[in-house]
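Dumped model10.cif below, it's mmCIF, N, CA and C atoms and all ligand atoms:
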```
data_entry
#
loop_
_atom_site.label_atom_id
_atom_site.label_comp_id
_atom_site.auth_asym_id
_atom_site.auth_seq_id
_atom_site.Cartn_x
_atom_site.Cartn_y
_atom_site.Cartn_z
N MET I 3 107.62 84.84 78.88
CA MET I 3 107.29 85.20 77.49
C MET I 3 106.45 84.10 76.85
N ALA I 4 105.60 84.51 75.96
CA ALA I 4 104.78 83.54 75.25
C ALA I 4 105.69 82.61 74.46
N LEU I 5 105.32 81.37 74.43
CA LEU I 5 106.11 80.39 73.69
C LEU I 5 105.79 80.53 72.20
N VAL I 6 106.82 80.78 71.41
CA VAL I 6 106.61 80.94 69.97
C VAL I 6 107.22 79.76 69.24
N VAL I 7 106.42 79.09 68.46
CA VAL I 7 106.93 78.02 67.62
C VAL I 7 106.83 78.55 66.19
N ILE I 8 108.01 78.86 65.65
CA ILE I 8 108.05 79.44 64.31
C ILE I 8 107.41 78.47 63.31
N GLY I 9 106.51 79.01 62.49
CA GLY I 9 105.82 78.18 61.50
C GLY I 9 104.57 77.52 62.08
N GLU I 10 104.26 77.81 63.40
CA GLU I 10 103.08 77.19 64.01
C GLU I 10 102.25 78.21 64.79
N THR I 11 102.94 79.07 65.58
CA THR I 11 102.24 80.04 66.41
C THR I 11 101.68 81.16 65.52
N CYS I 12 100.43 81.55 65.82
CA CYS I 12 99.80 82.60 65.03
C CYS I 12 99.94 83.95 65.73
N CYS I 13 100.00 84.98 64.93
CA CYS I 13 99.96 86.36 65.42
C CYS I 13 98.58 86.55 66.05
N SER I 14 98.52 87.08 67.29
CA SER I 14 97.22 87.20 67.96
C SER I 14 96.37 88.32 67.36
N LEU I 15 96.95 89.12 66.47
CA LEU I 15 96.19 90.21 65.85
C LEU I 15 95.65 89.83 64.48
N CYS I 16 96.51 89.33 63.58
CA CYS I 16 96.02 89.02 62.23
C CYS I 16 95.72 87.54 62.05
N GLY I 17 96.18 86.70 63.00
CA GLY I 17 95.89 85.28 62.92
C GLY I 17 96.78 84.51 61.96
N GLU I 18 97.72 85.21 61.29
CA GLU I 18 98.64 84.54 60.36
C GLU I 18 99.75 83.86 61.16
N ILE I 19 100.28 82.78 60.62
CA ILE I 19 101.37 82.08 61.28
C ILE I 19 102.63 82.95 61.25
N LEU I 20 103.30 83.03 62.40
CA LEU I 20 104.53 83.83 62.51
C LEU I 20 105.67 83.11 61.79
N GLN I 21 106.33 83.84 60.92
CA GLN I 21 107.45 83.26 60.16
C GLN I 21 108.78 83.75 60.72
N GLU I 22 109.80 82.94 60.50
CA GLU I 22 111.14 83.20 61.00
C GLU I 22 111.64 84.63 60.72
N HIS I 23 111.46 85.09 59.47
CA HIS I 23 112.01 86.38 59.07
C HIS I 23 111.19 87.59 59.53
N GLU I 24 110.03 87.35 60.15
CA GLU I 24 109.17 88.46 60.54
C GLU I 24 109.45 88.94 61.96
N ALA I 25 109.55 90.26 62.13
CA ALA I 25 109.77 90.83 63.46
C ALA I 25 108.51 90.63 64.28
N ARG I 26 108.67 90.26 65.55
CA ARG I 26 107.50 89.99 66.41
C ARG I 26 107.72 90.51 67.82
N ARG I 27 106.62 90.69 68.50
CA ARG I 27 106.64 91.09 69.92
C ARG I 27 105.96 89.99 70.70
N SER I 28 106.49 89.67 71.91
CA SER I 28 105.87 88.64 72.75
C SER I 28 105.51 89.23 74.11
N TYR I 29 104.42 88.76 74.65
CA TYR I 29 103.96 89.22 75.97
C TYR I 29 103.79 88.01 76.87
N SER I 30 104.20 88.19 78.14
CA SER I 30 103.95 87.12 79.10
C SER I 30 102.58 87.34 79.74
N MET I 31 102.24 86.50 80.71
CA MET I 31 100.96 86.60 81.41
C MET I 31 100.91 87.90 82.21
N PHE I 32 99.83 88.61 82.13
CA PHE I 32 99.61 89.77 82.99
C PHE I 32 98.13 90.10 83.00
N ALA I 33 97.74 90.97 83.96
CA ALA I 33 96.33 91.34 84.08
C ALA I 33 96.01 92.45 83.09
N ALA I 34 95.47 92.10 81.95
CA ALA I 34 95.13 93.06 80.91
C ALA I 34 93.67 93.48 81.06
N PRO I 35 93.31 94.64 80.47
CA PRO I 35 91.88 95.01 80.47
C PRO I 35 91.06 93.87 79.86
N ALA I 36 89.84 93.69 80.37
CA ALA I 36 89.01 92.54 80.01
C ALA I 36 88.89 92.28 78.50
N ASP I 37 88.77 93.36 77.73
CA ASP I 37 88.59 93.17 76.29
C ASP I 37 89.90 92.86 75.55
N LEU I 38 91.00 92.84 76.28
CA LEU I 38 92.29 92.60 75.63
C LEU I 38 92.95 91.30 76.09
N VAL I 39 92.27 90.57 76.96
CA VAL I 39 92.89 89.36 77.54
C VAL I 39 93.28 88.32 76.49
N SER I 40 92.61 88.34 75.36
CA SER I 40 92.94 87.34 74.34
C SER I 40 94.33 87.56 73.75
N HIS I 41 94.95 88.72 74.05
CA HIS I 41 96.30 88.99 73.54
C HIS I 41 97.39 88.74 74.59
N VAL I 42 96.93 88.38 75.81
CA VAL I 42 97.88 88.09 76.89
C VAL I 42 98.56 86.77 76.60
N ASP I 43 99.86 86.70 76.90
CA ASP I 43 100.64 85.49 76.68
C ASP I 43 100.61 85.05 75.21
N THR I 44 100.72 86.01 74.32
CA THR I 44 100.75 85.70 72.90
C THR I 44 101.91 86.46 72.24
N SER I 45 102.07 86.20 70.95
CA SER I 45 103.03 86.96 70.16
C SER I 45 102.28 87.59 69.00
N MET I 46 102.86 88.66 68.46
CA MET I 46 102.22 89.34 67.33
C MET I 46 103.28 89.96 66.43
N HIS I 47 102.91 90.19 65.19
CA HIS I 47 103.83 90.86 64.27
C HIS I 47 104.07 92.28 64.75
N VAL I 48 105.28 92.77 64.62
CA VAL I 48 105.58 94.15 64.97
C VAL I 48 104.72 95.08 64.10
N SER I 49 104.55 94.72 62.84
CA SER I 49 103.75 95.55 61.92
C SER I 49 102.28 95.57 62.32
N CYS I 50 101.75 94.42 62.79
CA CYS I 50 100.35 94.37 63.23
C CYS I 50 100.19 95.21 64.50
N HIS I 51 101.18 95.09 65.41
CA HIS I 51 101.14 95.85 66.66
C HIS I 51 101.14 97.35 66.38
N ALA I 52 101.98 97.77 65.41
CA ALA I 52 102.10 99.20 65.08
C ALA I 52 100.79 99.77 64.55
N ALA I 53 99.97 98.92 63.92
CA ALA I 53 98.71 99.38 63.34
C ALA I 53 97.52 99.13 64.27
N TRP I 54 97.80 98.60 65.46
CA TRP I 54 96.74 98.20 66.38
C TRP I 54 96.28 99.39 67.20
N PRO I 55 95.01 99.79 67.12
CA PRO I 55 94.55 100.99 67.84
C PRO I 55 94.65 100.84 69.37
N ARG I 56 94.58 99.61 69.87
CA ARG I 56 94.59 99.41 71.33
C ARG I 56 95.99 99.19 71.91
N ARG I 57 97.01 99.36 71.05
CA ARG I 57 98.37 99.03 71.52
C ARG I 57 98.80 99.84 72.74
N PHE I 58 98.32 101.11 72.85
CA PHE I 58 98.74 101.94 73.98
C PHE I 58 98.15 101.42 75.30
N ASP I 59 96.86 101.06 75.25
CA ASP I 59 96.21 100.53 76.46
C ASP I 59 96.87 99.22 76.89
N PHE I 60 97.13 98.40 75.88
CA PHE I 60 97.70 97.09 76.14
C PHE I 60 99.10 97.22 76.71
N ASP I 61 99.94 98.01 76.05
CA ASP I 61 101.32 98.16 76.49
C ASP I 61 101.42 98.86 77.85
N ARG I 62 100.50 99.78 78.14
CA ARG I 62 100.52 100.47 79.43
C ARG I 62 100.25 99.45 80.54
N ALA I 63 99.23 98.61 80.33
CA ALA I 63 98.90 97.59 81.33
C ALA I 63 100.07 96.62 81.51
N TYR I 64 100.75 96.33 80.41
CA TYR I 64 101.89 95.42 80.46
C TYR I 64 103.05 96.04 81.24
N GLU I 65 103.30 97.32 81.01
CA GLU I 65 104.39 98.01 81.71
C GLU I 65 104.11 98.10 83.21
N VAL I 66 102.85 98.37 83.56
CA VAL I 66 102.48 98.43 84.98
C VAL I 66 102.78 97.08 85.62
N HIS I 67 102.41 96.03 84.91
CA HIS I 67 102.65 94.68 85.42
C HIS I 67 104.14 94.42 85.60
N GLN I 68 104.95 94.80 84.61
CA GLN I 68 106.40 94.58 84.67
C GLN I 68 107.01 95.33 85.86
N ARG I 69 106.52 96.57 86.07
CA ARG I 69 107.04 97.37 87.18
C ARG I 69 106.68 96.74 88.52
N GLU I 70 105.44 96.25 88.62
CA GLU I 70 105.00 95.60 89.86
C GLU I 70 105.83 94.37 90.15
N LEU I 71 106.10 93.63 89.07
CA LEU I 71 106.91 92.42 89.18
C LEU I 71 108.31 92.76 89.67
N GLU I 72 108.88 93.81 89.12
CA GLU I 72 110.23 94.23 89.52
C GLU I 72 110.27 94.69 90.97
N SER I 73 109.27 95.50 91.37
CA SER I 73 109.30 96.00 92.74
C SER I 73 109.05 94.86 93.71
N TRP I 74 108.22 93.91 93.31
CA TRP I 74 107.99 92.74 94.17
C TRP I 74 109.29 91.96 94.33
N ALA I 75 110.00 91.74 93.21
CA ALA I 75 111.25 90.99 93.24
C ALA I 75 112.30 91.69 94.09
N SER I 76 112.38 93.02 93.96
CA SER I 76 113.41 93.72 94.74
C SER I 76 113.03 93.74 96.22
N GLU I 77 111.73 93.77 96.51
CA GLU I 77 111.26 93.70 97.89
C GLU I 77 111.62 92.35 98.51
N GLN I 78 111.46 91.30 97.70
CA GLN I 78 111.82 89.95 98.18
C GLN I 78 113.30 89.86 98.47
N ARG I 79 114.11 90.47 97.57
CA ARG I 79 115.57 90.46 97.75
C ARG I 79 115.95 91.20 99.03
N THR I 80 115.32 92.38 99.25
CA THR I 80 115.61 93.18 100.43
C THR I 80 115.24 92.41 101.68
N ARG I 81 114.08 91.79 101.66
CA ARG I 81 113.60 91.03 102.80
C ARG I 81 114.55 89.87 103.11
N HIS I 82 115.01 89.23 102.04
CA HIS I 82 115.91 88.10 102.18
C HIS I 82 117.22 88.55 102.82
N GLU I 83 117.75 89.67 102.34
CA GLU I 83 119.00 90.23 102.88
C GLU I 83 118.81 90.56 104.36
N ALA I 84 117.67 91.20 104.66
CA ALA I 84 117.40 91.63 106.03
C ALA I 84 117.33 90.43 106.97
N SER I 85 116.65 89.36 106.53
CA SER I 85 116.51 88.21 107.41
C SER I 85 117.85 87.50 107.60
N ARG I 86 118.72 87.61 106.61
CA ARG I 86 120.04 86.99 106.74
C ARG I 86 120.92 87.73 107.72
N THR I 87 120.86 89.08 107.64
CA THR I 87 121.74 89.86 108.51
C THR I 87 121.20 89.95 109.93
N ARG I 88 119.88 89.70 110.09
CA ARG I 88 119.27 89.83 111.40
C ARG I 88 119.56 88.64 112.32
N VAL I 89 119.90 87.50 111.75
CA VAL I 89 120.13 86.31 112.58
C VAL I 89 121.33 86.53 113.48
N ASP I 90 121.02 86.66 114.75
CA ASP I 90 122.04 86.87 115.76
C ASP I 90 122.37 85.50 116.37
N PRO I 91 123.61 85.05 116.25
CA PRO I 91 123.96 83.71 116.74
C PRO I 91 123.68 83.52 118.22
N VAL I 92 123.83 84.61 119.03
CA VAL I 92 123.58 84.50 120.47
C VAL I 92 122.10 84.23 120.72
N VAL I 93 121.24 85.00 120.05
CA VAL I 93 119.80 84.82 120.21
C VAL I 93 119.39 83.44 119.72
N ALA I 94 119.96 83.02 118.60
CA ALA I 94 119.63 81.71 118.04
C ALA I 94 120.01 80.60 119.02
N ARG I 95 121.17 80.73 119.65
CA ARG I 95 121.62 79.71 120.60
C ARG I 95 120.72 79.73 121.83
N ASP I 96 120.38 80.94 122.33
CA ASP I 96 119.50 81.07 123.48
C ASP I 96 118.14 80.46 123.17
N HIS I 97 117.67 80.71 121.95
CA HIS I 97 116.38 80.16 121.54
C HIS I 97 116.40 78.64 121.62
N ALA I 98 117.49 78.04 121.10
CA ALA I 98 117.61 76.59 121.11
C ALA I 98 117.63 76.07 122.55
N ALA I 99 118.32 76.79 123.42
CA ALA I 99 118.41 76.39 124.82
C ALA I 99 117.04 76.49 125.49
N VAL I 100 116.33 77.59 125.22
CA VAL I 100 114.99 77.78 125.80
C VAL I 100 114.05 76.69 125.33
N MET I 101 114.10 76.37 124.02
CA MET I 101 113.23 75.33 123.46
C MET I 101 113.51 73.98 124.13
N ALA I 102 114.79 73.70 124.38
CA ALA I 102 115.18 72.44 125.01
C ALA I 102 114.63 72.37 126.44
N THR I 103 114.70 73.50 127.15
CA THR I 103 114.20 73.57 128.53
C THR I 103 112.68 73.35 128.55
N ILE I 104 111.98 74.00 127.60
CA ILE I 104 110.52 73.86 127.53
C ILE I 104 110.14 72.40 127.32
N ARG I 105 110.86 71.76 126.35
CA ARG I 105 110.56 70.36 126.04
C ARG I 105 110.81 69.46 127.25
N GLU I 106 111.84 69.79 128.00
CA GLU I 106 112.25 68.96 129.13
C GLU I 106 111.36 69.17 130.35
N ARG I 107 111.20 70.46 130.74
CA ARG I 107 110.50 70.76 132.00
C ARG I 107 109.08 71.26 131.82
N GLY I 108 108.75 71.67 130.60
CA GLY I 108 107.44 72.28 130.38
C GLY I 108 107.50 73.74 130.75
N ALA I 109 106.51 74.52 130.31
CA ALA I 109 106.50 75.95 130.61
C ALA I 109 105.06 76.42 130.73
N THR I 110 104.87 77.52 131.44
CA THR I 110 103.53 78.07 131.65
C THR I 110 103.30 79.23 130.69
N CYS I 111 102.20 79.15 129.96
CA CYS I 111 101.85 80.18 128.99
C CYS I 111 101.40 81.44 129.72
N PRO I 112 101.95 82.62 129.40
CA PRO I 112 101.54 83.86 130.08
C PRO I 112 100.11 84.28 129.74
N HIS I 113 99.55 83.73 128.65
CA HIS I 113 98.19 84.11 128.24
C HIS I 113 97.14 83.28 128.96
N CYS I 114 97.25 81.96 128.91
CA CYS I 114 96.20 81.10 129.44
C CYS I 114 96.60 80.38 130.72
N GLY I 115 97.88 80.45 131.09
CA GLY I 115 98.33 79.84 132.34
C GLY I 115 98.47 78.33 132.29
N VAL I 116 98.30 77.75 131.11
CA VAL I 116 98.42 76.30 130.98
C VAL I 116 99.89 75.90 130.96
N HIS I 117 100.20 74.88 131.73
CA HIS I 117 101.56 74.38 131.77
C HIS I 117 101.66 73.23 130.77
N ALA I 118 102.55 73.36 129.81
CA ALA I 118 102.64 72.33 128.77
C ALA I 118 104.07 72.15 128.29
N HIS I 119 104.29 71.06 127.58
CA HIS I 119 105.61 70.75 127.02
C HIS I 119 105.63 70.97 125.52
N ASP I 120 104.43 70.98 124.95
CA ASP I 120 104.36 70.97 123.48
C ASP I 120 104.12 72.35 122.87
N TYR I 121 105.08 73.22 123.05
CA TYR I 121 105.03 74.50 122.36
C TYR I 121 105.66 74.30 121.00
N ARG I 122 104.97 74.74 119.98
CA ARG I 122 105.53 74.58 118.64
C ARG I 122 106.31 75.83 118.25
N GLU I 123 107.39 75.64 117.55
CA GLU I 123 108.17 76.78 117.09
C GLU I 123 107.40 77.46 115.97
N PHE I 124 107.10 78.71 116.20
CA PHE I 124 106.32 79.48 115.23
C PHE I 124 107.29 80.17 114.27
N SER I 125 108.39 80.65 114.81
CA SER I 125 109.42 81.27 114.01
C SER I 125 110.75 81.03 114.73
N SER I 126 111.70 80.46 114.04
CA SER I 126 112.97 80.15 114.68
C SER I 126 114.02 81.22 114.41
N THR I 127 113.66 82.17 113.52
CA THR I 127 114.59 83.28 113.29
C THR I 127 114.16 84.44 114.19
N PRO I 128 115.09 85.21 114.71
CA PRO I 128 114.74 86.29 115.63
C PRO I 128 113.80 87.30 114.99
N PRO I 129 112.80 87.86 115.69
CA PRO I 129 112.48 87.51 117.07
C PRO I 129 111.75 86.17 117.13
N THR I 130 112.26 85.26 117.91
CA THR I 130 111.70 83.91 117.96
C THR I 130 110.34 83.91 118.64
N LYS I 131 109.49 83.04 118.15
CA LYS I 131 108.13 82.94 118.66
C LYS I 131 107.75 81.47 118.76
N VAL I 132 106.95 81.16 119.76
CA VAL I 132 106.39 79.82 119.87
C VAL I 132 104.87 79.93 119.95
N LEU I 133 104.21 78.82 119.64
CA LEU I 133 102.76 78.80 119.63
C LEU I 133 102.27 77.95 120.80
N CYS I 134 101.41 78.52 121.63
CA CYS I 134 100.84 77.76 122.75
C CYS I 134 99.76 76.84 122.17
N ASP I 135 99.87 75.56 122.49
CA ASP I 135 98.92 74.60 121.94
C ASP I 135 97.55 74.71 122.60
N ALA I 136 97.53 75.20 123.84
CA ALA I 136 96.26 75.30 124.56
C ALA I 136 95.41 76.46 124.08
N CYS I 137 96.00 77.64 123.94
CA CYS I 137 95.19 78.81 123.56
C CYS I 137 95.49 79.30 122.15
N LYS I 138 96.43 78.66 121.48
CA LYS I 138 96.80 78.98 120.09
C LYS I 138 97.32 80.41 119.94
N ARG I 139 97.88 80.96 121.02
CA ARG I 139 98.44 82.30 120.92
C ARG I 139 99.95 82.20 120.72
N VAL I 140 100.48 83.22 120.06
CA VAL I 140 101.91 83.29 119.80
C VAL I 140 102.60 84.00 120.96
N VAL I 141 103.63 83.38 121.47
CA VAL I 141 104.34 83.89 122.64
C VAL I 141 105.83 83.94 122.36
N SER I 142 106.50 84.90 122.94
CA SER I 142 107.95 84.89 122.88
C SER I 142 108.41 83.81 123.86
N PRO I 143 109.33 82.94 123.48
CA PRO I 143 109.74 81.88 124.40
C PRO I 143 110.30 82.42 125.70
N PHE I 144 110.79 83.68 125.66
CA PHE I 144 111.37 84.27 126.87
C PHE I 144 110.30 84.76 127.85
N ASP I 145 109.02 84.79 127.40
CA ASP I 145 107.93 85.18 128.28
C ASP I 145 107.32 83.99 129.01
N LEU I 146 107.72 82.78 128.59
CA LEU I 146 107.18 81.58 129.22
C LEU I 146 107.85 81.39 130.57
N LYS I 147 107.04 80.92 131.52
CA LYS I 147 107.62 80.65 132.85
C LYS I 147 107.99 79.17 132.92
N THR I 148 109.28 78.92 133.05
CA THR I 148 109.71 77.51 133.10
C THR I 148 109.91 77.08 134.55
ZN ZN F 1 100.04 89.77 62.42
ZN ZN F 2 98.26 79.59 126.18
#
```

Would you mind giving the structure from this file in structure tokens?
Ligand SMILES: [Zn+2]
Ligand SMILES: [Zn+2]
Amino acid sequence: MALVVIGETCCSLCGEILQEHEARRSYSMFAAPADLVSHVDTSMHVSCHAAWPRRFDFDRAYEVHQRELESWASEQRTRHEASRTRVDPVVARDHAAVMATIRERGATCPHCGVHAHDYREFSSTPPTKVLCDACKRVVSPFDLKT
């Protein structure tokens, strides 16, 4: 939300300083139509907003933004839940064992055939992946020949 300092912040529509007793609306940052960007991240009098001819365009763009923000947030939550429940302790332990073997004995990349010790962990959560330093390709550690 736009930061409002009562007695200092101006209404973005009439330019008057917002007073404590006056009803106001605040908007956070969002992608508004080009001619309305000067009202983004501002506050305005409810009375000025009610008389503003562009209020429908502005509020519609704001609602779209809020909805996108919500769906993004819920998608992040779902993804987070999924990654938590997907971690299989057996696979994780096997991955650690495979990584230790690679570091100790080296492994042959199935893509380029280079035998190396320095495979970097690309993803340590299942499905685990390592990065071949020679060809920069992503490989499942279980496809490496040790
Ligand atoms: Zn105003
Ligand atoms: Zn390779």

List as a ChimeraX atom specification the protein and nucleic acid residues near His67 of chain I, meaning an atom at most 9 Å away when only C-alpha atoms are counted, but skip any in the same chain fewer than 3 places from it. /I:32-34,62-64,70-72

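Looking only at segment 8-89 of chain I, the set that DSSP places in strand (DSSP E or B) from backbone geometry is Cys12, Ile19, Arg26, Arg27, Ser28, Ser45, Met46 and His47 of chain I.
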
Report as a PDB file with N, CA and C atoms, keeping the file's coordinate frame which protein, DNA and RNA residues come within 7 Å of ligand ZN 1 (chain F), using all atoms listed in the file.
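Once everything was written out, this is result-v9.pdb:
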```pdb
ATOM      1  N   CYS I  12     100.430  81.550  65.820  1.00  0.00           N
ATOM      2  CA  CYS I  12      99.800  82.600  65.030  1.00  0.00           C
ATOM      3  C   CYS I  12      99.940  83.950  65.730  1.00  0.00           C
ATOM      4  N   CYS I  13     100.000  84.980  64.930  1.00  0.00           N
ATOM      5  CA  CYS I  13      99.960  86.360  65.420  1.00  0.00           C
ATOM      6  C   CYS I  13      98.580  86.550  66.050  1.00  0.00           C
ATOM      7  N   SER I  14      98.520  87.080  67.290  1.00  0.00           N
ATOM      8  CA  SER I  14      97.220  87.200  67.960  1.00  0.00           C
ATOM      9  C   SER I  14      96.370  88.320  67.360  1.00  0.00           C
ATOM     10  N   LEU I  15      96.950  89.120  66.470  1.00  0.00           N
ATOM     11  CA  LEU I  15      96.190  90.210  65.850  1.00  0.00           C
ATOM     12  C   LEU I  15      95.650  89.830  64.480  1.00  0.00           C
ATOM     13  N   CYS I  16      96.510  89.330  63.580  1.00  0.00           N
ATOM     14  CA  CYS I  16      96.020  89.020  62.230  1.00  0.00           C
ATOM     15  C   CYS I  16      95.720  87.540  62.050  1.00  0.00           C
ATOM     16  N   GLY I  17      96.180  86.700  63.000  1.00  0.00           N
ATOM     17  CA  GLY I  17      95.890  85.280  62.920  1.00  0.00           C
ATOM     18  C   GLY I  17      96.780  84.510  61.960  1.00  0.00           C
ATOM     19  N   GLU I  18      97.720  85.210  61.290  1.00  0.00           N
ATOM     20  CA  GLU I  18      98.640  84.540  60.360  1.00  0.00           C
ATOM     21  C   GLU I  18      99.750  83.860  61.160  1.00  0.00           C
ATOM     22  N   MET I  46     102.860  88.660  68.460  1.00  0.00           N
ATOM     23  CA  MET I  46     102.220  89.340  67.330  1.00  0.00           C
ATOM     24  C   MET I  46     103.280  89.960  66.430  1.00  0.00           C
ATOM     25  N   HIS I  47     102.910  90.190  65.190  1.00  0.00           N
ATOM     26  CA  HIS I  47     103.830  90.860  64.270  1.00  0.00           C
ATOM     27  C   HIS I  47     104.070  92.280  64.750  1.00  0.00           C
ATOM     28  N   VAL I  48     105.280  92.770  64.620  1.00  0.00           N
ATOM     29  CA  VAL I  48     105.580  94.150  64.970  1.00  0.00           C
ATOM     30  C   VAL I  48     104.720  95.080  64.100  1.00  0.00           C
ATOM     31  N   SER I  49     104.550  94.720  62.840  1.00  0.00           N
ATOM     32  CA  SER I  49     103.750  95.550  61.920  1.00  0.00           C
ATOM     33  C   SER I  49     102.280  95.570  62.320  1.00  0.00           C
ATOM     34  N   CYS I  50     101.750  94.420  62.790  1.00  0.00           N
ATOM     35  CA  CYS I  50     100.350  94.370  63.230  1.00  0.00           C
ATOM     36  C   CYS I  50     100.190  95.210  64.500  1.00  0.00           C
ATOM     37  N   HIS I  51     101.180  95.090  65.410  1.00  0.00           N
ATOM     38  CA  HIS I  51     101.140  95.850  66.660  1.00  0.00           C
ATOM     39  C   HIS I  51     101.140  97.350  66.380  1.00  0.00           C
TER      40      HIS I  51
END
```

Can you tell me which residues surround Leu5 of chain I at a distance of at most 8 Å, considering all atoms listed in the file, apart from same-chain residues fewer than 6 positions away, and format the answer as number ranges by chain? I: 11, 28-30, 43-45

Would you give me, as a Markdown table, each residue of chain I having an atom within 9 Å of an atom of ligand ZN 2 (chain F), along with its shortest atom pair and that distance in Å to one decimal, using only C-alpha atoms and all ligand atoms and sorting by chain and residue number?
```
| residue | atom | partner | partner_atom | distance |
| --- | --- | --- | --- | --- |
| I:Thr110 | CA | F:ZN2 | ZN | 7.7 |
| I:Cys111 | CA | F:ZN2 | ZN | 4.6 |
| I:Pro112 | CA | F:ZN2 | ZN | 6.6 |
| I:His113 | CA | F:ZN2 | ZN | 5.0 |
| I:Cys114 | CA | F:ZN2 | ZN | 4.1 |
| I:Gly115 | CA | F:ZN2 | ZN | 6.2 |
| I:Val116 | CA | F:ZN2 | ZN | 5.8 |
| I:His117 | CA | F:ZN2 | ZN | 8.3 |
| I:Ala118 | CA | F:ZN2 | ZN | 8.9 |
| I:Leu133 | CA | F:ZN2 | ZN | 8.0 |
| I:Cys134 | CA | F:ZN2 | ZN | 4.7 |
| I:Asp135 | CA | F:ZN2 | ZN | 6.6 |
| I:Ala136 | CA | F:ZN2 | ZN | 5.0 |
| I:Cys137 | CA | F:ZN2 | ZN | 4.1 |
| I:Lys138 | CA | F:ZN2 | ZN | 6.3 |
| I:Arg139 | CA | F:ZN2 | ZN | 5.9 |
| I:Val140 | CA | F:ZN2 | ZN | 8.2 |
| I:Val141 | CA | F:ZN2 | ZN | 8.2 |
```

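Here atom C of Glu83 of chain I stands at a distance of 25.4 Å from atom C of Ala99 of chain I.
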
Would you mind reading off the distance between atom CA of Ala84 of chain I and atom CA of Asp145 of chain I, one decimal, in Å? 25.0 Å

Return the single residue from I:Gln68, I:Thr130, I:Ser76, I:Ser142 that is closest to Ala109 of chain I, with distances computed using only C-alpha atoms. I:Ser142

Considering only C-alpha atoms, state which residue in the set I:Val66, I:Ala36, I:Ile8, I:Val132 is at the smallest distance from Glu24 of chain I. I:Ile8

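Taking atom CA of Gly108 of chain I as the reference point, atom CA of Asp120 of chain I is found at 7.7 Å.
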
For Phe144 of chain I, which residue among I:Arg26, I:His97, I:His119, I:His41 is the nearest when counting only C-alpha atoms? I:His97
